[in-house]
Amino acid sequence: MKHTDFILSPITGLIKETVSACMGIGDGMETSTIAEHILQSLFLQMTGFQEQKMKCICWEMATYDYEYRYKRFKQNVLGECSNYKEKNQVINDIVNCTQSISGTLPLLDRSTKNAIITSVVSEIDNIILNTNLYKWESRQYKDYKDVIKNIKGSQLLVQGKNNSVSLFQEHKDGIGGGYKDLVFIYDKVYRHRNRCAHNTLSYQENLPTLNKLMDNDYVYENYFLRYAMLTLIDSVTVTLYKNYLMVLNTI
């Protein structure tokens with residue numbers, strides 16, 4: 001499988017690379033002027049990495065399943081795999097292709113999903129704490145931690161109708177702690193991805209207005225939360241794809 005190493009590689013490797021690159025510039029006040037540039041650059045690298053990974057997964061599965069190949073590349077072609085709907089579709093593709101081989105729906109149990117969340121939070125802490133990224137935006141990091149601690153395994157990979165699954169649970173009461181659900185939070189990630197990728201910030205004010213800062217939803221405009229959401233999606237995707245490889249190798 002040509003793309004397997006890339007598909008199984010963790011997205012957090014990009015965060016590690018950025019932290020290492022920043023070690024040579026010191027951590028004085030004068031470095032804060034490049035903070036937004038570096039944080040945004042890392043964010044775009046991570047979104048692009050994930051989009052390419054999802055396309056590679058589809059291509060690899062289509063190599064072995066010709067019916068899936070026709071459906072995905074002729075009848076219902078995916079776009080950039082950047083929005084929630086398309087990421088969710090790829091997740092469903094992995095589940096369905098695995099089920100077509102094994103005969104059973106390959107959902108993750110709650111302990112596995114809880115372990116994914118714990119691993120994501122722990123790894124991001126281990127990579128970012130006490131680095132330039134943390135020192136530049138320590139307030140953002142605190143806000144991120146306040147949000148992320150409310151995410152539970154039951155909110156990931158929820159079974160729906162007709163053997164479909166939802167990457168994130170949509171719930172009117174949110175994830176808890178007064179925070180919106182994961183679909184809403186990811187939509188904020190996606191909107192910022194578009195702002196950065198299409199450079200729509202170039203004709204807007206550099207700083208948020210006071211009204212935006214006072215908005216309850218401003219807490220989601222947070223780079224560490226964006227990194228964590230992308231890492232959560234990556235971890236779920238890789239776990240499901242490993243299950244797919246395991247059943248594929250039993251043929």
# chains A, B, ... in the order shown; residues from 1 in each chain; ligands from 1
$ select_by_dssp --residues "region 39-240 of chain A" --states "helix (DSSP H, G or I)" --output "ChimeraX atom specification"
/A:39-64,66-75,84-102,110-128,132-136,138-148,153-155,161-163,182-197,200-203,210-214,216-220,223-240
$ write_last_selection --atoms "C-alpha atoms" --output "tab-separated table (two decimals), in the first residue's frame"
chain	number	residue	atom	x	y	z
A	39	LEU	CA	0.38	29.67	14.58
A	40	GLN	CA	-1.54	30.24	11.34
A	41	SER	CA	1.11	28.50	9.24
A	42	LEU	CA	0.97	25.42	11.48
A	43	PHE	CA	-2.82	25.43	11.32
A	44	LEU	CA	-2.82	25.48	7.52
A	45	GLN	CA	-0.22	22.71	7.39
A	46	MET	CA	-2.42	20.57	9.63
A	47	THR	CA	-5.59	21.19	7.61
A	48	GLY	CA	-3.79	20.38	4.36
A	49	PHE	CA	-2.20	17.28	5.88
A	50	GLN	CA	-5.59	15.98	6.97
A	51	GLU	CA	-7.28	16.73	3.66
A	52	GLN	CA	-4.57	14.86	1.75
A	53	LYS	CA	-4.71	11.95	4.18
A	54	MET	CA	-8.45	11.52	3.69
A	55	LYS	CA	-8.07	11.57	-0.09
A	56	CYS	CA	-5.31	8.95	0.17
A	57	ILE	CA	-7.55	6.73	2.31
A	58	CYS	CA	-10.28	6.85	-0.33
A	59	TRP	CA	-7.79	6.04	-3.05
A	60	GLU	CA	-6.34	3.09	-1.13
A	61	MET	CA	-9.77	1.60	-0.38
A	62	ALA	CA	-10.81	2.08	-4.00
A	63	THR	CA	-7.81	-0.01	-5.06
A	64	TYR	CA	-9.38	-3.07	-3.41
A	66	TYR	CA	-14.20	-1.64	-7.28
A	67	GLU	CA	-17.80	-0.90	-6.34
A	68	TYR	CA	-16.58	1.66	-3.85
A	69	ARG	CA	-14.23	3.08	-6.50
A	70	TYR	CA	-17.15	3.69	-8.88
A	71	LYS	CA	-19.31	5.20	-6.17
A	72	ARG	CA	-16.68	7.51	-4.72
A	73	PHE	CA	-14.87	8.63	-7.89
A	74	LYS	CA	-17.73	8.59	-10.41
A	75	GLN	CA	-21.10	8.94	-8.71
A	84	TYR	CA	-17.37	18.43	8.31
A	85	LYS	CA	-19.74	16.75	5.85
A	86	GLU	CA	-16.92	15.41	3.69
A	87	LYS	CA	-14.74	14.33	6.60
A	88	ASN	CA	-17.76	12.52	8.00
A	89	GLN	CA	-18.30	10.88	4.63
A	90	VAL	CA	-14.75	9.52	4.58
A	91	ILE	CA	-15.23	8.14	8.10
A	92	ASN	CA	-18.40	6.39	6.88
A	93	ASP	CA	-16.51	5.07	3.86
A	94	ILE	CA	-13.91	3.44	6.11
A	95	VAL	CA	-16.63	1.92	8.29
A	96	ASN	CA	-18.61	0.64	5.29
A	97	CYS	CA	-15.58	-0.80	3.49
A	98	THR	CA	-14.52	-2.57	6.68
A	99	GLN	CA	-18.02	-3.92	7.20
A	100	SER	CA	-18.21	-5.21	3.63
A	101	ILE	CA	-15.18	-7.40	4.40
A	102	SER	CA	-15.87	-8.44	8.00
A	110	ARG	CA	-16.43	3.88	24.68
A	111	SER	CA	-13.15	2.95	26.37
A	112	THR	CA	-11.32	3.27	23.05
A	113	LYS	CA	-12.91	6.65	22.37
A	114	ASN	CA	-12.09	7.86	25.87
A	115	ALA	CA	-8.52	6.68	25.37
A	116	ILE	CA	-8.32	8.68	22.13
A	117	ILE	CA	-9.41	11.87	23.91
A	118	THR	CA	-7.00	11.29	26.79
A	119	SER	CA	-4.16	10.62	24.38
A	120	VAL	CA	-4.86	13.75	22.32
A	121	VAL	CA	-5.00	16.02	25.38
A	122	SER	CA	-1.86	14.47	26.89
A	123	GLU	CA	0.16	14.61	23.68
A	124	ILE	CA	-0.70	18.24	22.96
A	125	ASP	CA	0.26	19.14	26.54
A	126	ASN	CA	3.56	17.27	26.20
A	127	ILE	CA	4.40	18.98	22.90
A	128	ILE	CA	3.27	22.56	23.57
A	132	ASN	CA	7.13	29.50	22.43
A	133	LEU	CA	3.65	28.56	21.21
A	134	TYR	CA	2.43	28.33	24.79
A	135	LYS	CA	4.21	31.48	25.97
A	136	TRP	CA	2.81	33.52	23.08
A	138	SER	CA	-0.99	31.18	27.33
A	139	ARG	CA	-4.48	32.69	27.75
A	140	GLN	CA	-5.68	30.86	24.65
A	141	TYR	CA	-4.20	27.67	26.05
A	142	LYS	CA	-6.15	28.06	29.29
A	143	ASP	CA	-9.37	28.63	27.34
A	144	TYR	CA	-8.62	25.57	25.20
A	145	LYS	CA	-8.15	23.43	28.31
A	146	ASP	CA	-11.46	24.66	29.72
A	147	VAL	CA	-13.24	23.50	26.56
A	148	ILE	CA	-11.40	20.25	25.89
A	153	GLY	CA	-15.99	9.52	24.38
A	154	SER	CA	-19.75	9.28	23.94
A	155	GLN	CA	-19.57	12.39	21.71
A	161	LYS	CA	-29.59	5.15	11.03
A	162	ASN	CA	-28.90	2.50	8.36
A	163	ASN	CA	-25.45	1.69	9.78
A	182	LEU	CA	-18.32	19.42	18.46
A	183	VAL	CA	-20.00	19.94	15.09
A	184	PHE	CA	-20.38	23.64	15.90
A	185	ILE	CA	-16.80	23.87	17.15
A	186	TYR	CA	-15.44	22.18	14.04
A	187	ASP	CA	-17.45	24.56	11.86
A	188	LYS	CA	-15.48	27.37	13.52
A	189	VAL	CA	-12.27	25.53	12.59
A	190	TYR	CA	-13.46	25.15	9.00
A	191	ARG	CA	-14.40	28.83	8.70
A	192	HIS	CA	-10.98	29.89	9.93
A	193	ARG	CA	-9.37	27.45	7.49
A	194	ASN	CA	-11.18	29.22	4.66
A	195	ARG	CA	-10.25	32.67	5.93
A	196	CYS	CA	-6.58	31.70	6.03
A	197	ALA	CA	-6.49	29.62	2.84
A	200	THR	CA	-9.82	36.90	3.31
A	201	LEU	CA	-8.16	38.46	6.37
A	202	SER	CA	-6.10	40.65	4.04
A	203	TYR	CA	-8.87	43.21	3.65
A	210	LEU	CA	-14.71	44.61	21.23
A	211	ASN	CA	-18.06	43.14	20.23
A	212	LYS	CA	-16.33	40.01	18.96
A	213	LEU	CA	-14.24	39.72	22.11
A	214	MET	CA	-17.41	39.93	24.21
A	216	ASN	CA	-19.61	33.99	23.93
A	217	ASP	CA	-18.52	32.17	20.78
A	218	TYR	CA	-15.17	33.97	20.67
A	219	VAL	CA	-13.70	31.28	22.93
A	220	TYR	CA	-13.70	28.95	19.91
A	223	TYR	CA	-5.51	27.93	17.73
A	224	PHE	CA	-4.94	25.24	20.35
A	225	LEU	CA	-8.57	24.19	20.17
A	226	ARG	CA	-8.24	24.07	16.37
A	227	TYR	CA	-5.15	21.87	16.66
A	228	ALA	CA	-6.94	19.60	19.12
A	229	MET	CA	-10.03	19.22	16.91
A	230	LEU	CA	-7.90	18.29	13.93
A	231	THR	CA	-5.92	15.85	16.08
A	232	LEU	CA	-9.12	14.24	17.40
A	233	ILE	CA	-10.35	13.69	13.84
A	234	ASP	CA	-6.96	12.34	12.84
A	235	SER	CA	-6.85	9.90	15.77
A	236	VAL	CA	-10.36	8.56	15.07
A	237	THR	CA	-9.55	8.23	11.36
A	238	VAL	CA	-6.27	6.39	11.94
A	239	THR	CA	-7.86	4.03	14.49
A	240	LEU	CA	-10.65	3.11	12.06
$ select_by_dssp --residues "region 10-224 of chain A" --states "strand (DSSP E or B)" --output "list in words"
Leu156, Leu157, Val158, Gln159, Val165, Ser166, Leu167, Phe168, Gly176 and Tyr179 of chain A
$ atom_distance --atom1 "CA of Leu245 (chain A)" --atom2 "CA of Thr4 (chain A)"
9.4 Å
$ atom_distance --atom1 "CA of Val19 (chain A)" --atom2 "CA of Asn83 (chain A)"
26.9 Å
$ atom_distance --atom1 "CA of Leu105 (chain A)" --atom2 "CA of Lys2 (chain A)"
26.2 Å
$ closest_residue --among "A:Tyr241, A:Ser20, A:His171, A:Met246" --to "Asp5 (chain A)" --atoms "only C-alpha atoms"
A:Tyr241
